[in-house]
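Quick notes on the structure that follows.
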Amino acid sequence: MRIREMEIDDLEQVMPIEEALFSVPWTANGFFSFLLRNDSVFLVAEEDGEILGYCGAILVFDQGDIVNVGVRADRQRQGIARRLLDALFKIAGEKGVTSLYLEVRVSNQAAIALYEGLGFQRLGVRKDYYEEPKEDAVVMCRS
Ligand SMILES: CC(C)(COP(=O)(O)OP(=O)(O)OC[C@H]1O[C@@H](n2cnc3c(N)ncnc32)[C@H](O)[C@@H]1OP(=O)(O)O)[C@@H](O)C(=O)NCCC(=O)NCCS
């Protein structure tokens, strides 16, 4: 498996994963507009031409926001998200980013455990941040 930057052509494989994982998935146009930004970093985990997972962040000066993380359901719990995020931390560090932020549904224990294991700390809660179902977000930061 290798970690590399996401390309527009990857969306064909990324979209079905995104749609299977999230109740309010990003659209292909949503990914597209993020990929065109020069302050974004999107990575994929690829094995034999198959995309197994992805993550993305916006990096501005010394701060970054992780905006998307997903791993194909049949390949979860194999360390793929950890590898993707480690690669993202490295790139962010090289670009001078010292703090990374993210939001996660309060009920998403798997993701919260992942982020805490990678050194993120809980900063607070954003009330009713998510729709479908309406739910609070935990805001987390890694410095
Ligand atoms: C959250 C998600 C990205 C994790 O991806 P993954 O590749 O399975 O995660 P990893 O295998 O790298 O797990 C790393 C650590 O995270 C924690 N973790 C991951 N999945 C977990 C689960 N289902 N339950 C508890 N802890 C979990 C564990 O501490 C794990 O380490 P361990 O396996 O050594 O115990 C994946 O479950 C997913 O795509 N979920 C749906 C989309 C989503 O919620 N994205 C995040 C939105 S903020």
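Quick note on naming: the chains in the structure tokens go A, B, ... in the order shown, residues restart at 1 in each chain, and ligands are numbered from 1 in order of appearance.
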(request) Kindly provide, as a PyMOL selection string, all nucleotide and amino acid residues lying within 9 Å of ligand 1, counting only C-alpha atoms and all ligand atoms. (result) chain A and resi 17-18+20-22+52-55+66-73+75-85+102-105+108-118
Exercise for the section: Any chance you could list, as a PyMOL selection string, the residues in chain A that come up strand (DSSP E or B) when DSSP is run on the backbone? Expected result: chain A and resi 2-5+40-47+50-60+63-71+99-105+121-130+135-142
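In this comparison, which uses only C-alpha atoms, the residue of A:Arg4, A:Tyr130, A:Met140, A:Asp65 approaching Pro25 (chain A) most closely is A:Tyr130.
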Could you give me, as a short mmCIF file (atom, residue, chain, number, x, y, z; two decimals) with all heavy atoms, in the first residue's frame, the residues within 9 Å of Val139 (chain A), counting only C-alpha atoms and dropping anything in the same chain fewer than 3 positions from it?
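In the end it all went to result25.cif:
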```
data_model
loop_
_atom_site.label_atom_id
_atom_site.label_comp_id
_atom_site.auth_asym_id
_atom_site.auth_seq_id
_atom_site.Cartn_x
_atom_site.Cartn_y
_atom_site.Cartn_z
N TYR A 101 -6.57 21.17 13.45
CA TYR A 101 -7.88 21.13 14.10
C TYR A 101 -8.80 20.21 13.31
O TYR A 101 -8.62 20.02 12.10
CB TYR A 101 -8.50 22.53 14.14
CG TYR A 101 -7.75 23.49 15.01
CD1 TYR A 101 -6.61 24.16 14.52
CD2 TYR A 101 -8.13 23.71 16.33
CE1 TYR A 101 -5.90 25.03 15.34
CE2 TYR A 101 -7.41 24.58 17.14
CZ TYR A 101 -6.31 25.23 16.64
OH TYR A 101 -5.60 26.09 17.44
N LEU A 102 -9.82 19.69 13.97
CA LEU A 102 -10.86 18.93 13.27
C LEU A 102 -12.13 18.90 14.11
O LEU A 102 -12.10 19.19 15.31
CB LEU A 102 -10.38 17.51 12.96
CG LEU A 102 -9.96 16.61 14.12
CD1 LEU A 102 -11.15 15.97 14.83
CD2 LEU A 102 -9.05 15.50 13.60
N GLU A 103 -13.24 18.58 13.45
CA GLU A 103 -14.50 18.32 14.15
C GLU A 103 -14.89 16.87 13.90
O GLU A 103 -14.63 16.34 12.82
CB GLU A 103 -15.64 19.19 13.60
CG GLU A 103 -15.57 20.64 14.01
CD GLU A 103 -14.80 21.47 13.01
OE1 GLU A 103 -14.62 21.01 11.86
OE2 GLU A 103 -14.36 22.57 13.38
N VAL A 104 -15.54 16.27 14.89
CA VAL A 104 -15.99 14.89 14.75
C VAL A 104 -17.30 14.75 15.53
O VAL A 104 -17.47 15.38 16.56
CB VAL A 104 -14.89 13.91 15.22
CG1 VAL A 104 -14.40 14.20 16.62
CG2 VAL A 104 -15.33 12.46 15.10
N GLN A 121 -6.26 16.44 21.17
CA GLN A 121 -6.95 16.65 22.45
C GLN A 121 -8.28 17.34 22.19
O GLN A 121 -8.42 18.10 21.24
CB GLN A 121 -6.08 17.52 23.35
CG GLN A 121 -4.82 16.78 23.74
CD GLN A 121 -3.94 17.56 24.68
OE1 GLN A 121 -3.87 18.79 24.59
NE2 GLN A 121 -3.26 16.87 25.57
N ARG A 122 -9.23 17.07 23.08
CA ARG A 122 -10.55 17.69 22.95
C ARG A 122 -10.49 19.13 23.41
O ARG A 122 -10.02 19.41 24.51
CB ARG A 122 -11.57 16.95 23.82
CG ARG A 122 -11.80 15.52 23.39
CD ARG A 122 -12.69 14.84 24.40
NE ARG A 122 -12.67 13.40 24.19
CZ ARG A 122 -13.76 12.66 23.97
NH1 ARG A 122 -14.96 13.22 23.95
NH2 ARG A 122 -13.65 11.37 23.77
N LEU A 123 -10.97 20.05 22.53
CA LEU A 123 -10.98 21.46 22.89
C LEU A 123 -12.35 21.90 23.40
O LEU A 123 -12.46 22.82 24.18
CB LEU A 123 -10.67 22.33 21.66
CG LEU A 123 -9.25 22.42 21.16
CD1 LEU A 123 -9.18 23.46 20.07
CD2 LEU A 123 -8.31 22.79 22.29
N GLY A 124 -13.41 21.30 22.87
CA GLY A 124 -14.76 21.71 23.26
C GLY A 124 -15.77 21.09 22.34
O GLY A 124 -15.45 20.17 21.58
N VAL A 125 -17.00 21.62 22.42
CA VAL A 125 -18.11 21.04 21.65
C VAL A 125 -18.77 22.14 20.83
O VAL A 125 -18.94 23.25 21.32
CB VAL A 125 -19.12 20.40 22.64
CG1 VAL A 125 -20.43 20.05 21.93
CG2 VAL A 125 -18.53 19.15 23.27
N ARG A 126 -19.10 21.84 19.57
CA ARG A 126 -19.90 22.76 18.75
C ARG A 126 -21.31 22.20 18.70
O ARG A 126 -21.53 21.12 18.13
CB ARG A 126 -19.37 22.87 17.32
CG ARG A 126 -18.08 23.57 17.23
CD ARG A 126 -17.95 24.41 15.97
NE ARG A 126 -16.81 25.27 16.16
CZ ARG A 126 -15.69 25.22 15.44
NH1 ARG A 126 -15.61 24.40 14.42
NH2 ARG A 126 -14.69 26.02 15.70
#
```
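Using only C-alpha atoms, the nearest neighbour of Pro16 (chain A) within the list A:Phe34, A:Glu46, A:Val138, A:Ile51 is A:Ile51.
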Polymer residues at most 8 Å from Val41 (chain A), only C-alpha atoms, same-chain spacing of 3 or more positions, as an MDAnalysis selection string:
chainID A and resid 5 35 56:59 88
Write out as a ChimeraX atom specification all residues of region 13-69 of chain A that DSSP puts in helix (DSSP H, G or I) for this structure's backbone.
-> /A:13-21,28-36
Since we have the selection now, will you write its residues out, keeping N, CA, C and O atoms, as a PDB file, in the first residue's frame?
```pdb
ATOM      1  N   GLN A  13     -13.241   6.464  -7.733  1.00  0.00           N
ATOM      2  CA  GLN A  13     -13.193   5.464  -6.656  1.00  0.00           C
ATOM      3  C   GLN A  13     -13.491   6.060  -5.290  1.00  0.00           C
ATOM      4  O   GLN A  13     -14.015   5.372  -4.409  1.00  0.00           O
ATOM      5  N   VAL A  14     -13.150   7.321  -5.114  1.00  0.00           N
ATOM      6  CA  VAL A  14     -13.352   7.953  -3.803  1.00  0.00           C
ATOM      7  C   VAL A  14     -14.850   8.171  -3.539  1.00  0.00           C
ATOM      8  O   VAL A  14     -15.332   7.942  -2.420  1.00  0.00           O
ATOM      9  N   MET A  15     -15.593   8.556  -4.575  1.00  0.00           N
ATOM     10  CA  MET A  15     -17.014   8.905  -4.355  1.00  0.00           C
ATOM     11  C   MET A  15     -17.853   7.758  -3.792  1.00  0.00           C
ATOM     12  O   MET A  15     -18.608   7.971  -2.839  1.00  0.00           O
ATOM     13  N   PRO A  16     -17.741   6.529  -4.333  1.00  0.00           N
ATOM     14  CA  PRO A  16     -18.543   5.452  -3.729  1.00  0.00           C
ATOM     15  C   PRO A  16     -18.160   5.172  -2.274  1.00  0.00           C
ATOM     16  O   PRO A  16     -19.024   4.825  -1.469  1.00  0.00           O
ATOM     17  N   ILE A  17     -16.874   5.348  -1.929  1.00  0.00           N
ATOM     18  CA  ILE A  17     -16.456   5.145  -0.533  1.00  0.00           C
ATOM     19  C   ILE A  17     -17.104   6.226   0.334  1.00  0.00           C
ATOM     20  O   ILE A  17     -17.723   5.948   1.360  1.00  0.00           O
ATOM     21  N   GLU A  18     -16.965   7.476  -0.120  1.00  0.00           N
ATOM     22  CA  GLU A  18     -17.535   8.612   0.616  1.00  0.00           C
ATOM     23  C   GLU A  18     -19.048   8.425   0.814  1.00  0.00           C
ATOM     24  O   GLU A  18     -19.580   8.636   1.905  1.00  0.00           O
ATOM     25  N   GLU A  19     -19.733   7.999  -0.250  1.00  0.00           N
ATOM     26  CA  GLU A  19     -21.201   7.860  -0.177  1.00  0.00           C
ATOM     27  C   GLU A  19     -21.606   6.724   0.748  1.00  0.00           C
ATOM     28  O   GLU A  19     -22.661   6.766   1.374  1.00  0.00           O
ATOM     29  N   ALA A  20     -20.766   5.691   0.848  1.00  0.00           N
ATOM     30  CA  ALA A  20     -21.091   4.572   1.741  1.00  0.00           C
ATOM     31  C   ALA A  20     -20.808   4.922   3.207  1.00  0.00           C
ATOM     32  O   ALA A  20     -21.447   4.370   4.099  1.00  0.00           O
ATOM     33  N   LEU A  21     -19.891   5.858   3.448  1.00  0.00           N
ATOM     34  CA  LEU A  21     -19.463   6.122   4.830  1.00  0.00           C
ATOM     35  C   LEU A  21     -20.262   7.204   5.542  1.00  0.00           C
ATOM     36  O   LEU A  21     -20.384   7.170   6.758  1.00  0.00           O
ATOM     37  N   ALA A  28     -18.991  15.093  -5.636  1.00  0.00           N
ATOM     38  CA  ALA A  28     -17.774  15.098  -6.460  1.00  0.00           C
ATOM     39  C   ALA A  28     -17.311  16.532  -6.693  1.00  0.00           C
ATOM     40  O   ALA A  28     -16.119  16.825  -6.668  1.00  0.00           O
ATOM     41  N   ASN A  29     -18.273  17.445  -6.882  1.00  0.00           N
ATOM     42  CA  ASN A  29     -17.909  18.859  -7.075  1.00  0.00           C
ATOM     43  C   ASN A  29     -17.249  19.444  -5.841  1.00  0.00           C
ATOM     44  O   ASN A  29     -16.344  20.270  -5.946  1.00  0.00           O
ATOM     45  N   GLY A  30     -17.706  18.988  -4.674  1.00  0.00           N
ATOM     46  CA  GLY A  30     -17.101  19.439  -3.419  1.00  0.00           C
ATOM     47  C   GLY A  30     -15.638  19.037  -3.365  1.00  0.00           C
ATOM     48  O   GLY A  30     -14.764  19.865  -3.087  1.00  0.00           O
ATOM     49  N   PHE A  31     -15.347  17.756  -3.654  1.00  0.00           N
ATOM     50  CA  PHE A  31     -13.957  17.302  -3.682  1.00  0.00           C
ATOM     51  C   PHE A  31     -13.173  18.103  -4.718  1.00  0.00           C
ATOM     52  O   PHE A  31     -12.055  18.551  -4.464  1.00  0.00           O
ATOM     53  N   PHE A  32     -13.790  18.243  -5.889  1.00  0.00           N
ATOM     54  CA  PHE A  32     -13.140  18.899  -7.009  1.00  0.00           C
ATOM     55  C   PHE A  32     -12.685  20.306  -6.610  1.00  0.00           C
ATOM     56  O   PHE A  32     -11.534  20.691  -6.827  1.00  0.00           O
ATOM     57  N   SER A  33     -13.587  21.057  -5.968  1.00  0.00           N
ATOM     58  CA  SER A  33     -13.215  22.440  -5.645  1.00  0.00           C
ATOM     59  C   SER A  33     -12.128  22.478  -4.573  1.00  0.00           C
ATOM     60  O   SER A  33     -11.263  23.361  -4.598  1.00  0.00           O
ATOM     61  N   PHE A  34     -12.121  21.507  -3.657  1.00  0.00           N
ATOM     62  CA  PHE A  34     -11.024  21.460  -2.678  1.00  0.00           C
ATOM     63  C   PHE A  34      -9.707  21.093  -3.355  1.00  0.00           C
ATOM     64  O   PHE A  34      -8.660  21.661  -3.038  1.00  0.00           O
ATOM     65  N   LEU A  35      -9.763  20.139  -4.311  1.00  0.00           N
ATOM     66  CA  LEU A  35      -8.518  19.703  -4.967  1.00  0.00           C
ATOM     67  C   LEU A  35      -7.875  20.831  -5.773  1.00  0.00           C
ATOM     68  O   LEU A  35      -6.663  20.858  -5.951  1.00  0.00           O
ATOM     69  N   LEU A  36      -8.711  21.750  -6.251  1.00  0.00           N
ATOM     70  CA  LEU A  36      -8.170  22.856  -7.055  1.00  0.00           C
ATOM     71  C   LEU A  36      -7.497  23.924  -6.201  1.00  0.00           C
ATOM     72  O   LEU A  36      -6.721  24.721  -6.711  1.00  0.00           O
TER      73      LEU A  36
END
```
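Ranking A:Met6, A:Trp26, A:Lys90, A:Val60 by their shortest atom-to-atom distance to Val44 (chain A), with only C-alpha atoms included, puts A:Met6 first.
Near Ser143 (chain A), within a cut-off of 10 Å and counting only C-alpha atoms, sit the residues Gln63, Val97, Thr98, Ser99, Leu100, Tyr101, Gly119, Phe120 and Gln121 of chain A, with same-chain residues fewer than 6 positions away left out.
One distance worth recording is that between CA of Asp39 (chain A) and CA of Gly96 (chain A), which is 12.4 Å.
Nearest to Phe89 (chain A) of all the residues A:Lys127, A:Asp48, A:Arg142, A:Asp74 is A:Arg142, counting only C-alpha atoms.
For the atom pair formed by CA of Lys95 (chain A) and CA of Tyr129 (chain A), the distance is 29.0 Å, given to one decimal.
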